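Visitor: structure.cif (mmCIF, C-alpha atoms and all ligand atoms) pasted underneath:
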data_target
#
loop_
_atom_site.group_PDB
_atom_site.id
_atom_site.type_symbol
_atom_site.label_atom_id
_atom_site.label_comp_id
_atom_site.auth_asym_id
_atom_site.auth_seq_id
_atom_site.Cartn_x
_atom_site.Cartn_y
_atom_site.Cartn_z
ATOM 1 C CA MET D 1 -8.896 16.605 -12.329
ATOM 2 C CA ARG D 2 -10.220 19.642 -10.494
ATOM 3 C CA LEU D 3 -10.597 20.375 -6.834
ATOM 4 C CA ARG D 4 -12.259 23.628 -5.814
ATOM 5 C CA GLY D 5 -11.258 25.206 -9.107
ATOM 6 C CA GLN D 6 -7.622 24.184 -8.884
ATOM 7 C CA GLU D 7 -5.956 21.568 -10.964
ATOM 8 C CA ILE D 8 -4.152 18.658 -9.385
ATOM 9 C CA ARG D 9 -1.204 18.167 -11.643
ATOM 10 C CA ALA D 10 0.115 14.954 -10.178
ATOM 11 C CA PRO D 11 -1.307 11.938 -12.023
ATOM 12 C CA LEU D 12 -3.122 9.218 -10.098
ATOM 13 C CA SER D 13 -0.722 6.686 -11.511
ATOM 14 C CA SER D 14 2.997 6.919 -11.906
ATOM 15 C CA PHE D 15 6.141 5.029 -12.693
ATOM 16 C CA THR D 16 9.138 4.548 -10.466
ATOM 17 C CA MET D 17 12.405 3.731 -12.153
ATOM 18 C CA ASP D 18 15.330 2.131 -10.516
ATOM 19 C CA ASP D 19 18.357 0.947 -12.444
ATOM 20 C CA ARG D 20 16.850 -2.464 -13.133
ATOM 21 C CA VAL D 21 13.187 -2.319 -14.045
ATOM 22 C CA ALA D 22 10.262 0.110 -14.339
ATOM 23 C CA VAL D 23 7.630 -0.397 -11.641
ATOM 24 C CA ARG D 24 4.120 0.995 -11.989
ATOM 25 C CA VAL D 25 2.276 2.319 -8.933
ATOM 26 C CA LYS D 26 -1.483 2.347 -9.508
ATOM 27 C CA ILE D 27 -4.940 1.808 -8.059
ATOM 28 C CA ALA D 28 -5.994 -1.859 -8.133
ATOM 29 C CA GLU D 29 -8.545 -2.396 -10.878
ATOM 30 C CA THR D 30 -8.969 -6.159 -11.223
ATOM 31 C CA PRO D 31 -9.558 -9.161 -8.919
ATOM 32 C CA GLY D 32 -6.170 -10.503 -10.060
ATOM 33 C CA GLU D 33 -4.426 -7.337 -8.897
ATOM 34 C CA TRP D 34 -6.282 -7.604 -5.590
ATOM 35 C CA THR D 35 -5.050 -11.186 -5.184
ATOM 36 C CA GLY D 36 -1.530 -9.942 -5.901
ATOM 37 C CA LEU D 37 -1.930 -7.417 -3.110
ATOM 38 C CA VAL D 38 -3.103 -10.144 -0.756
ATOM 39 C CA ALA D 39 -0.007 -12.170 -1.694
ATOM 40 C CA VAL D 40 2.237 -9.221 -0.829
ATOM 41 C CA ARG D 41 0.481 -8.686 2.507
ATOM 42 C CA LEU D 42 0.654 -12.363 3.437
ATOM 43 C CA ALA D 43 4.377 -12.418 2.628
ATOM 44 C CA VAL D 44 5.198 -9.192 4.498
ATOM 45 C CA PHE D 45 2.822 -9.033 7.446
ATOM 46 C CA CYS D 46 2.054 -12.709 8.076
ATOM 47 C CA ASP D 47 5.230 -14.575 7.030
ATOM 48 C CA GLU D 48 7.767 -11.866 7.864
ATOM 49 C CA GLN D 49 6.148 -10.164 10.858
ATOM 50 C CA GLY D 50 4.019 -12.961 12.309
ATOM 51 C CA VAL D 51 0.582 -11.313 12.074
ATOM 52 C CA PRO D 52 -2.199 -13.939 11.860
ATOM 53 C CA ILE D 53 -4.106 -14.011 8.563
ATOM 54 C CA SER D 54 -7.335 -13.537 10.522
ATOM 55 C CA ALA D 55 -6.071 -10.137 11.678
ATOM 56 C CA GLU D 56 -4.299 -9.125 8.496
ATOM 57 C CA LEU D 57 -7.244 -9.394 6.104
ATOM 58 C CA ASP D 58 -10.391 -7.757 7.443
ATOM 59 C CA GLU D 59 -13.794 -6.371 6.579
ATOM 60 C CA HIS D 60 -12.301 -2.929 5.910
ATOM 61 C CA ASP D 61 -10.675 -4.353 2.798
ATOM 62 C CA ARG D 62 -14.059 -4.536 1.131
ATOM 63 C CA ASN D 63 -14.635 -0.787 1.375
ATOM 64 C CA ALA D 64 -11.045 0.343 0.891
ATOM 65 C CA VAL D 65 -9.304 1.687 -2.175
ATOM 66 C CA HIS D 66 -6.162 -0.351 -2.770
ATOM 67 C CA ALA D 67 -2.944 0.796 -4.408
ATOM 68 C CA LEU D 68 -0.341 -1.592 -5.720
ATOM 69 C CA ALA D 69 3.158 -1.546 -7.134
ATOM 70 C CA VAL D 70 3.370 -3.841 -10.099
ATOM 71 C CA LEU D 71 6.064 -5.039 -12.451
ATOM 72 C CA PRO D 72 5.576 -4.445 -16.171
ATOM 73 C CA SER D 73 3.884 -7.342 -17.950
ATOM 74 C CA ASP D 74 6.331 -7.326 -20.833
ATOM 75 C CA GLY D 75 9.578 -6.934 -18.924
ATOM 76 C CA ALA D 76 11.863 -9.666 -17.706
ATOM 77 C CA VAL D 77 12.416 -9.630 -13.946
ATOM 78 C CA PRO D 78 16.108 -9.838 -13.085
ATOM 79 C CA GLU D 79 17.132 -12.976 -11.270
ATOM 80 C CA GLY D 80 17.053 -12.552 -7.517
ATOM 81 C CA LEU D 81 14.242 -10.018 -7.663
ATOM 82 C CA ALA D 82 11.379 -12.469 -8.135
ATOM 83 C CA PRO D 83 8.001 -11.211 -6.846
ATOM 84 C CA ALA D 84 5.660 -13.144 -4.530
ATOM 85 C CA ARG D 85 6.636 -16.796 -4.392
ATOM 86 C CA GLN D 86 4.294 -19.348 -5.872
ATOM 87 C CA GLY D 87 3.248 -20.774 -2.514
ATOM 88 C CA THR D 88 2.195 -17.354 -1.250
ATOM 89 C CA ALA D 89 0.275 -16.718 -4.448
ATOM 90 C CA VAL D 90 -1.677 -19.959 -3.979
ATOM 91 C CA ARG D 91 -2.552 -19.029 -0.381
ATOM 92 C CA ALA D 92 -3.554 -15.549 -1.524
ATOM 93 C CA SER D 93 -5.896 -16.955 -4.168
ATOM 94 C CA ALA D 94 -7.615 -18.974 -1.455
ATOM 95 C CA GLN D 95 -8.153 -15.883 0.732
ATOM 96 C CA ALA D 96 -8.740 -13.064 -1.735
ATOM 97 C CA GLY D 97 -12.335 -13.879 -2.672
ATOM 98 C CA ARG D 98 -13.522 -13.544 0.926
ATOM 99 C CA TYR D 99 -12.517 -9.892 1.061
ATOM 100 C CA LEU D 100 -12.884 -8.763 -2.543
ATOM 101 C CA PRO D 101 -13.231 -4.951 -2.494
ATOM 102 C CA LEU D 102 -16.727 -3.862 -3.523
ATOM 103 C CA SER D 103 -15.231 -1.553 -6.136
ATOM 104 C CA LEU D 104 -13.826 -4.605 -7.959
ATOM 105 C CA ALA D 105 -16.909 -6.807 -7.730
ATOM 106 C CA GLY D 106 -17.934 -6.115 -11.332
ATOM 107 C CA ALA D 107 -14.435 -5.949 -12.759
ATOM 108 C CA ARG D 108 -13.260 -8.330 -15.450
ATOM 109 C CA GLY D 109 -10.799 -11.140 -14.744
ATOM 110 C CA GLY D 110 -10.551 -13.675 -11.953
ATOM 111 C CA HIS D 111 -8.600 -14.035 -8.725
ATOM 112 C CA ARG D 112 -6.298 -16.511 -10.359
ATOM 113 C CA ASP D 113 -5.040 -14.150 -13.015
ATOM 114 C CA ASP D 114 -1.515 -15.470 -12.550
ATOM 115 C CA GLY D 115 0.150 -12.653 -14.448
ATOM 116 C CA ALA D 116 -1.358 -9.948 -12.260
ATOM 117 C CA VAL D 117 -0.813 -11.924 -9.051
ATOM 118 C CA ALA D 118 2.829 -12.689 -9.739
ATOM 119 C CA ARG D 119 3.709 -9.127 -10.745
ATOM 120 C CA ALA D 120 2.510 -7.407 -7.534
ATOM 121 C CA ILE D 121 5.411 -6.309 -5.324
ATOM 122 C CA GLY D 122 3.914 -3.687 -3.013
ATOM 123 C CA GLY D 123 0.640 -2.287 -1.748
ATOM 124 C CA ALA D 124 -1.294 0.027 0.558
ATOM 125 C CA ARG D 125 -4.944 0.817 1.281
ATOM 126 C CA LEU D 126 -7.074 3.883 1.905
ATOM 127 C CA LEU D 127 -10.062 3.883 4.251
ATOM 128 C CA ARG D 128 -12.713 6.527 4.786
ATOM 129 C CA ARG D 129 -13.023 7.805 8.335
ATOM 130 C CA PRO D 130 -15.551 10.342 9.671
ATOM 131 C CA ASN D 131 -15.130 14.116 9.441
ATOM 132 C CA GLY D 132 -13.092 14.335 6.252
ATOM 133 C CA VAL D 133 -10.348 12.055 7.508
ATOM 134 C CA ALA D 134 -8.681 9.350 5.416
ATOM 135 C CA GLN D 135 -6.747 6.459 6.920
ATOM 136 C CA ILE D 136 -3.829 4.886 5.097
ATOM 137 C CA GLY D 137 -2.665 1.429 6.109
ATOM 138 C CA ARG D 138 -1.215 -1.934 5.146
ATOM 139 C CA VAL D 139 1.764 -0.256 3.469
ATOM 140 C CA ALA D 140 4.043 -3.083 2.366
ATOM 141 C CA VAL D 141 6.851 -3.648 -0.124
ATOM 142 C CA LEU D 142 8.426 -7.055 -0.752
ATOM 143 C CA PRO D 143 11.929 -7.178 0.790
ATOM 144 C CA ALA D 144 13.861 -7.327 -2.491
ATOM 145 C CA TRP D 145 12.229 -4.076 -3.631
ATOM 146 C CA ARG D 146 12.639 -1.963 -0.491
ATOM 147 C CA GLY D 147 14.641 1.212 -0.582
ATOM 148 C CA THR D 148 13.724 2.016 -4.183
ATOM 149 C CA GLY D 149 11.065 4.616 -3.379
ATOM 150 C CA LEU D 150 8.011 2.378 -3.771
ATOM 151 C CA GLY D 151 6.742 2.887 -0.224
ATOM 152 C CA VAL D 152 6.714 6.634 -0.726
ATOM 153 C CA ARG D 153 5.042 6.340 -4.141
ATOM 154 C CA LEU D 154 2.277 4.108 -2.747
ATOM 155 C CA VAL D 155 1.459 6.474 0.118
ATOM 156 C CA ARG D 156 1.602 9.561 -2.116
ATOM 157 C CA LEU D 157 -0.757 8.014 -4.656
ATOM 158 C CA LEU D 158 -3.357 7.345 -1.953
ATOM 159 C CA GLU D 159 -2.873 10.827 -0.493
ATOM 160 C CA GLU D 160 -3.508 12.362 -3.924
ATOM 161 C CA LEU D 161 -6.639 10.296 -4.304
ATOM 162 C CA ALA D 162 -7.826 11.231 -0.797
ATOM 163 C CA LEU D 163 -7.262 14.915 -1.535
ATOM 164 C CA ALA D 164 -9.135 14.658 -4.825
ATOM 165 C CA ARG D 165 -12.047 13.058 -2.948
ATOM 166 C CA GLY D 166 -12.190 15.952 -0.502
ATOM 167 C CA TYR D 167 -10.363 14.546 2.504
ATOM 168 C CA ARG D 168 -8.369 17.126 4.395
ATOM 169 C CA GLU D 169 -6.403 14.937 6.798
ATOM 170 C CA SER D 170 -4.676 11.573 6.583
ATOM 171 C CA VAL D 171 -4.088 9.441 9.674
ATOM 172 C CA LEU D 172 -2.300 6.134 10.092
ATOM 173 C CA HIS D 173 -1.072 3.662 12.665
ATOM 174 C CA ALA D 174 2.680 3.477 12.134
ATOM 175 C CA GLN D 175 4.741 0.592 13.367
ATOM 176 C CA VAL D 176 7.164 2.276 15.766
ATOM 177 C CA PRO D 177 10.297 0.980 13.947
ATOM 178 C CA VAL D 178 9.188 2.619 10.667
ATOM 179 C CA ARG D 179 8.058 5.904 12.155
ATOM 180 C CA ALA D 180 10.901 7.698 10.321
ATOM 181 C CA PHE D 181 9.523 6.460 6.994
ATOM 182 C CA TYR D 182 6.252 8.299 7.635
ATOM 183 C CA GLU D 183 8.007 11.371 9.047
ATOM 184 C CA ARG D 184 9.843 11.536 5.734
ATOM 185 C CA LEU D 185 6.368 11.790 4.136
ATOM 186 C CA GLY D 186 5.343 14.670 6.411
ATOM 187 C CA TYR D 187 3.459 12.765 9.106
ATOM 188 C CA VAL D 188 3.762 13.733 12.777
ATOM 189 C CA VAL D 189 2.839 11.777 15.867
ATOM 190 C CA ASP D 190 -0.688 12.746 16.907
ATOM 191 C CA PRO D 191 -0.196 14.820 20.086
ATOM 192 C CA GLY D 192 -1.809 13.350 23.143
ATOM 193 C CA THR D 193 -1.588 9.784 21.863
ATOM 194 C CA THR D 194 0.718 7.132 23.208
ATOM 195 C CA PRO D 195 2.144 4.008 21.536
ATOM 196 C CA PHE D 196 -0.199 1.015 21.535
ATOM 197 C CA ASP D 197 -0.089 -2.645 20.624
ATOM 198 C CA GLU D 198 -1.627 -3.898 17.398
ATOM 199 C CA ASP D 199 -1.224 -7.597 16.563
ATOM 200 C CA GLY D 200 1.764 -7.780 18.917
ATOM 201 C CA ILE D 201 3.603 -4.900 17.206
ATOM 202 C CA PRO D 202 4.029 -1.463 18.855
ATOM 203 C CA HIS D 203 2.300 1.278 16.853
ATOM 204 C CA VAL D 204 1.915 5.024 17.121
ATOM 205 C CA ARG D 205 -0.851 7.168 15.645
ATOM 206 C CA MET D 206 0.390 9.729 13.118
ATOM 207 C CA LYS D 207 -1.354 12.351 11.013
ATOM 208 C CA LYS D 208 -0.804 14.780 8.170
ATOM 209 C CA THR D 209 -2.798 17.673 6.723
ATOM 210 C CA LEU D 210 -3.519 17.045 3.049
ATOM 211 C CA SER D 211 -3.047 19.973 0.675
ATOM 212 C CA LEU D 212 -2.173 20.702 -2.931
ATOM 213 C CA GLU D 213 1.326 21.651 -1.785
ATOM 214 C CA MET D 214 2.110 18.231 -0.244
HETATM 215 C C1 LIG D 301 8.104 0.523 5.482
HETATM 216 C C2 LIG D 301 8.179 0.148 4.014
HETATM 217 C C3 LIG D 301 6.777 0.128 3.428
HETATM 218 C C4 LIG D 301 9.012 1.213 3.289
HETATM 219 O O1 LIG D 301 8.967 0.935 1.910
HETATM 220 P P1 LIG D 301 10.236 1.258 0.960
HETATM 221 O O2 LIG D 301 9.777 1.118 -0.432
HETATM 222 O O3 LIG D 301 11.397 0.468 1.392
HETATM 223 O O4 LIG D 301 10.511 2.799 1.326
HETATM 224 P P2 LIG D 301 11.122 3.892 0.369
HETATM 225 O O5 LIG D 301 12.169 3.286 -0.515
HETATM 226 O O6 LIG D 301 10.012 4.605 -0.307
HETATM 227 O O7 LIG D 301 11.828 4.815 1.454
HETATM 228 C C5 LIG D 301 11.536 6.160 1.557
HETATM 229 C C6 LIG D 301 12.331 6.775 2.675
HETATM 230 O O8 LIG D 301 11.943 6.202 3.924
HETATM 231 C C7 LIG D 301 13.078 5.644 4.569
HETATM 232 N N1 LIG D 301 12.722 4.367 5.139
HETATM 233 C C8 LIG D 301 12.265 3.293 4.468
HETATM 234 N N2 LIG D 301 12.062 2.272 5.324
HETATM 235 C C9 LIG D 301 12.416 2.730 6.539
HETATM 236 C C10 LIG D 301 12.436 2.129 7.832
HETATM 237 N N3 LIG D 301 12.080 0.855 8.025
HETATM 238 N N4 LIG D 301 12.822 2.907 8.867
HETATM 239 C C11 LIG D 301 13.194 4.189 8.673
HETATM 240 N N5 LIG D 301 13.211 4.808 7.466
HETATM 241 C C12 LIG D 301 12.825 4.070 6.423
HETATM 242 C C13 LIG D 301 14.099 5.446 3.478
HETATM 243 O O9 LIG D 301 15.396 5.501 4.022
HETATM 244 C C14 LIG D 301 13.817 6.557 2.522
HETATM 245 O O10 LIG D 301 14.437 7.756 2.919
HETATM 246 P P3 LIG D 301 15.400 8.555 1.897
HETATM 247 O O11 LIG D 301 14.592 8.819 0.673
HETATM 248 O O12 LIG D 301 15.744 9.771 2.664
HETATM 249 O O13 LIG D 301 16.515 7.644 1.632
HETATM 250 C C15 LIG D 301 8.886 -1.228 3.799
HETATM 251 O O14 LIG D 301 10.121 -1.201 4.468
HETATM 252 C C16 LIG D 301 8.076 -2.409 4.303
HETATM 253 O O15 LIG D 301 7.272 -2.982 3.573
HETATM 254 N N6 LIG D 301 8.303 -2.814 5.580
HETATM 255 C C17 LIG D 301 7.602 -3.957 6.157
HETATM 256 C C18 LIG D 301 6.137 -3.650 6.359
HETATM 257 C C19 LIG D 301 5.927 -2.479 7.288
HETATM 258 O O16 LIG D 301 6.523 -2.381 8.339
HETATM 259 N N7 LIG D 301 5.006 -1.583 6.857
HETATM 260 C C20 LIG D 301 4.637 -0.418 7.632
HETATM 261 C C21 LIG D 301 3.440 -0.710 8.458
HETATM 262 S S1 LIG D 301 2.991 0.691 9.463
#
Produce structure tokens that represent the structure in this file.
Guide:
Amino acid sequence: MRLRGQEIRAPLSSFTMDDRVAVRVKIAETPGEWTGLVAVRLAVFCDEQGVPISAELDEHDRNAVHALAVLPSDGAVPEGLAPARQGTAVRASAQAGRYLPLSLAGARGGHRDDGAVARAIGGARLLRRPNGVAQIGRVAVLPAWRGTGLGVRLVRLLEELALARGYRESVLHAQVPVRAFYERLGYVVDPGTTPFDEDGIPHVRMKKTLSLEM
């Protein structure tokens, strides 16, 4: 891939290893993967944090690029590290079709691709904003998989994609308690902004200049 004559060496898909299982971080390519992402978001933002479904899934999902962390299809998942529970997957299947990203409309496979749905364990989305600005959001990792580097991998993948598409700045609304997570990724609080409420959770606007040296 080339950007203004320079090569971006980082691949747009990568693997994260912990001591138990290899997890792939990739751009969602099928309706089943999208449903898996919805299952992760329902589990994390709705069930865990209390955000209503009506606020969690929105029209922006249709135009967004979605990244997901997914377990390998051929690997056994160690006991105690099961991905989205069956009940969440069923609810996700019921919701996913309403917000299917346009980029996946012609893709093969259905929403109820159980393999893809059950293997999703994390996700994030990228939105286009005016003036060369990208917005990253809905960063979520299922509780059992936190602290293994997946959150960082998801954000970095979307930053690489944004850079390759010509965006020069990434902005996001960080939940105040996880501000340090984004600082670790090089984000700073946007000067002149103050914390605000979003779905009952305090947020702060953060930003980062995108460059090949990220
Ligand atoms: C925030 C979240 C996405 C982080 O994902 P994760 O996979 O656990 O994060 P990583 O393992 O990639 O952590 C990367 C670094 O950020 C730090 N970090 C992770 N979560 C953090 C938190 N809640 N607060 C402060 N620092 C955090 C880690 O300590 C780690 O630092 P280190 O490498 O120096 O040890 C995950 O905790 C989550 O899904 N939380 C619930 C949903 C949420 O709040 N999303 C953010 C919406 S703005």
Visitor: Go ahead and find all residues with at least one atom no further than 9 Å from (-15.4, -13.6, -5.6) in the file's coordinates, using all atoms listed in the file; report them as a PDB file with C-alpha atoms, keeping the file's coordinate frame.
Guide:
ATOM      1  CA  PRO D  31      -9.558  -9.161  -8.919  1.00  0.00           C
ATOM      2  CA  ALA D  96      -8.740 -13.064  -1.735  1.00  0.00           C
ATOM      3  CA  GLY D  97     -12.335 -13.879  -2.672  1.00  0.00           C
ATOM      4  CA  ARG D  98     -13.522 -13.544   0.926  1.00  0.00           C
ATOM      5  CA  TYR D  99     -12.517  -9.892   1.061  1.00  0.00           C
ATOM      6  CA  LEU D 100     -12.884  -8.763  -2.543  1.00  0.00           C
ATOM      7  CA  ALA D 105     -16.909  -6.807  -7.730  1.00  0.00           C
ATOM      8  CA  GLY D 110     -10.551 -13.675 -11.953  1.00  0.00           C
ATOM      9  CA  HIS D 111      -8.600 -14.035  -8.725  1.00  0.00           C
TER      10      HIS D 111
END
Visitor: Determine the residue set returned by the PyMOL selection byres (((not hetatm)) within 10 of (chain D and resi 301)) for the present structure, and present it as a VMD selection string.
Guide: chain D and resid 40 to 41 43 to 45 48 to 49 69 121 to 124 136 to 156 172 to 185 201 to 205
Visitor: Tell me which residues come within 8 Å of (-2.6, -8.5, -14.5), as an mmCIF file with C-alpha atoms, in the frame of the given file, counting all atoms listed in the file in the file's coordinates.
Guide:
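Written file, part03.cif:
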data_model
loop_
_atom_site.group_PDB
_atom_site.id
_atom_site.type_symbol
_atom_site.label_atom_id
_atom_site.label_comp_id
_atom_site.auth_asym_id
_atom_site.auth_seq_id
_atom_site.Cartn_x
_atom_site.Cartn_y
_atom_site.Cartn_z
ATOM 1 C CA THR D 30 -8.969 -6.159 -11.223
ATOM 2 C CA GLY D 32 -6.170 -10.503 -10.060
ATOM 3 C CA GLU D 33 -4.426 -7.337 -8.897
ATOM 4 C CA SER D 73 3.884 -7.342 -17.950
ATOM 5 C CA ASP D 113 -5.040 -14.150 -13.015
ATOM 6 C CA ASP D 114 -1.515 -15.470 -12.550
ATOM 7 C CA GLY D 115 0.150 -12.653 -14.448
ATOM 8 C CA ALA D 116 -1.358 -9.948 -12.260
ATOM 9 C CA VAL D 117 -0.813 -11.924 -9.051
ATOM 10 C CA ARG D 119 3.709 -9.127 -10.745
#
Visitor: Identify which of the residues D:Leu157, D:Ala94, D:Leu57, D:Ala64 lies closest to Leu127 in chain D, counting all atoms listed in the file when measuring atom-to-atom distances.
Guide: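 The answer is D:Ala64, which sits nearest to Leu127 in chain D.
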Visitor: What residues come out when you apply the PyMOL selection byres (((chain D and resi 161-169) around 9) and not hetatm) to this file, written as a VMD selection string?
Guide: chain D and resid 1 to 3 8 12 126 128 131 to 135 156 to 160 170 to 171 207 to 212
Visitor: Here's the selection I'm unsure about, the PyMOL selection byres (((chain D and resi 103) around 9) and not hetatm); applied to the file above, which residues does it give, as a PDB file with C-alpha atoms, in the coordinates of the input?
Guide:
ATOM      1  CA  GLU D  29      -8.545  -2.396 -10.878  1.00  0.00           C
ATOM      2  CA  ARG D  62     -14.059  -4.536   1.131  1.00  0.00           C
ATOM      3  CA  ASN D  63     -14.635  -0.787   1.375  1.00  0.00           C
ATOM      4  CA  ALA D  64     -11.045   0.343   0.891  1.00  0.00           C
ATOM      5  CA  VAL D  65      -9.304   1.687  -2.175  1.00  0.00           C
ATOM      6  CA  LEU D 100     -12.884  -8.763  -2.543  1.00  0.00           C
ATOM      7  CA  PRO D 101     -13.231  -4.951  -2.494  1.00  0.00           C
ATOM      8  CA  LEU D 102     -16.727  -3.862  -3.523  1.00  0.00           C
ATOM      9  CA  LEU D 104     -13.826  -4.605  -7.959  1.00  0.00           C
ATOM     10  CA  ALA D 105     -16.909  -6.807  -7.730  1.00  0.00           C
ATOM     11  CA  GLY D 106     -17.934  -6.115 -11.332  1.00  0.00           C
ATOM     12  CA  ALA D 107     -14.435  -5.949 -12.759  1.00  0.00           C
TER      13      ALA D 107
END
Visitor: Could you list, as a list in words, every residue within 9 Å of Arg91 in chain D, counting only C-alpha atoms and ignoring same-chain residues fewer than 5 positions away?
Guide: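 In the requested format, the answer is Val38, Ala39, Leu42, Gln86 and Ala96 of chain D.
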Visitor: Please save C-alpha atoms of the selected residues as a CSV table (one decimal), in the coordinates of the input.
Guide:
chain,number,residue,atom,x,y,z
D,38,VAL,CA,-3.1,-10.1,-0.8
D,39,ALA,CA,0.0,-12.2,-1.7
D,42,LEU,CA,0.7,-12.4,3.4
D,86,GLN,CA,4.3,-19.3,-5.9
D,96,ALA,CA,-8.7,-13.1,-1.7
Visitor: Restricting the calculation to all atoms listed in the file, which member of D:Ile53, D:Leu68, D:Cys46, D:Val188 is positioned closest to Gln95 in chain D?
Guide: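 Among the listed residues, the smallest separation from Gln95 in chain D belongs to D:Ile53.
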Visitor: Just the number, please: distance in Å from CA of His66 in chain D to CA of Ala22 in chain D, one decimal.
Guide: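 According to the coordinates, CA of His66 in chain D and CA of Ala22 in chain D are separated by 20.1 Å.
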Visitor: Measure the distance from CA of Arg125 in chain D to CA of Gly36 in chain D in Å and round it to one decimal.
Guide: 13.4 Å
Visitor: Find, counting all atoms listed in the file, the residue in D:Val25, D:Gly200, D:Ala92, D:Val189 that gets nearest to Gly50 in chain D.
Guide: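 Ranking D:Val25, D:Gly200, D:Ala92, D:Val189 by distance to Gly50 in chain D, first place goes to D:Gly200.
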Visitor: What does the structure give for the distance between CA of Thr35 in chain D and CA of Val90 in chain D, in Å to one decimal?
Guide: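 Going from CA of Thr35 in chain D over to CA of Val90 in chain D, I get 9.5 Å.
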Visitor: Draw an axis-aligned box tight on the listed atoms of range 158-173 of chain D, then pad every side by 6 Å and write out centre and edge lengths in Å to one decimal as AutoDock Vina command-line options.
Guide:
--center_x -6.6 --center_y 10.4 --center_z 3.9 --size_x 23.1 --size_y 25.5 --size_z 29.5
Visitor: Complete the atom set of range 193-205 of chain D to N, CA and C atoms and return it as a CSV table (one decimal), keeping the file's coordinate frame.
Guide:
chain,number,residue,atom,x,y,z
D,193,THR,N,-1.4,11.2,22.0
D,193,THR,CA,-1.6,9.8,21.9
D,193,THR,C,-0.3,9.1,22.3
D,194,THR,N,-0.5,7.9,22.8
D,194,THR,CA,0.7,7.1,23.2
D,194,THR,C,0.8,5.8,22.4
D,195,PRO,N,2.0,5.2,22.3
D,195,PRO,CA,2.1,4.0,21.5
D,195,PRO,C,1.2,2.9,22.1
D,196,PHE,N,0.7,2.1,21.2
D,196,PHE,CA,-0.2,1.0,21.5
D,196,PHE,C,0.2,-0.3,20.8
D,197,ASP,N,-0.4,-1.4,21.2
D,197,ASP,CA,-0.1,-2.6,20.6
D,197,ASP,C,-1.2,-3.0,19.6
D,198,GLU,N,-0.7,-3.4,18.4
D,198,GLU,CA,-1.6,-3.9,17.4
D,198,GLU,C,-1.0,-5.2,16.8
D,199,ASP,N,-1.7,-6.3,17.0
D,199,ASP,CA,-1.2,-7.6,16.6
D,199,ASP,C,0.2,-7.9,17.1
D,200,GLY,N,0.5,-7.5,18.3
D,200,GLY,CA,1.8,-7.8,18.9
D,200,GLY,C,2.9,-6.9,18.5
D,201,ILE,N,2.6,-5.8,17.7
D,201,ILE,CA,3.6,-4.9,17.2
D,201,ILE,C,3.3,-3.5,17.8
D,202,PRO,N,4.3,-2.8,18.3
D,202,PRO,CA,4.0,-1.5,18.9
D,202,PRO,C,3.8,-0.5,17.7
D,203,HIS,N,2.7,0.3,17.9
D,203,HIS,CA,2.3,1.3,16.9
D,203,HIS,C,2.1,2.7,17.5
D,204,VAL,N,2.2,3.7,16.7
D,204,VAL,CA,1.9,5.0,17.1
D,204,VAL,C,1.0,5.7,16.1
D,205,ARG,N,0.1,6.5,16.6
D,205,ARG,CA,-0.9,7.2,15.6
D,205,ARG,C,-0.2,8.4,15.1
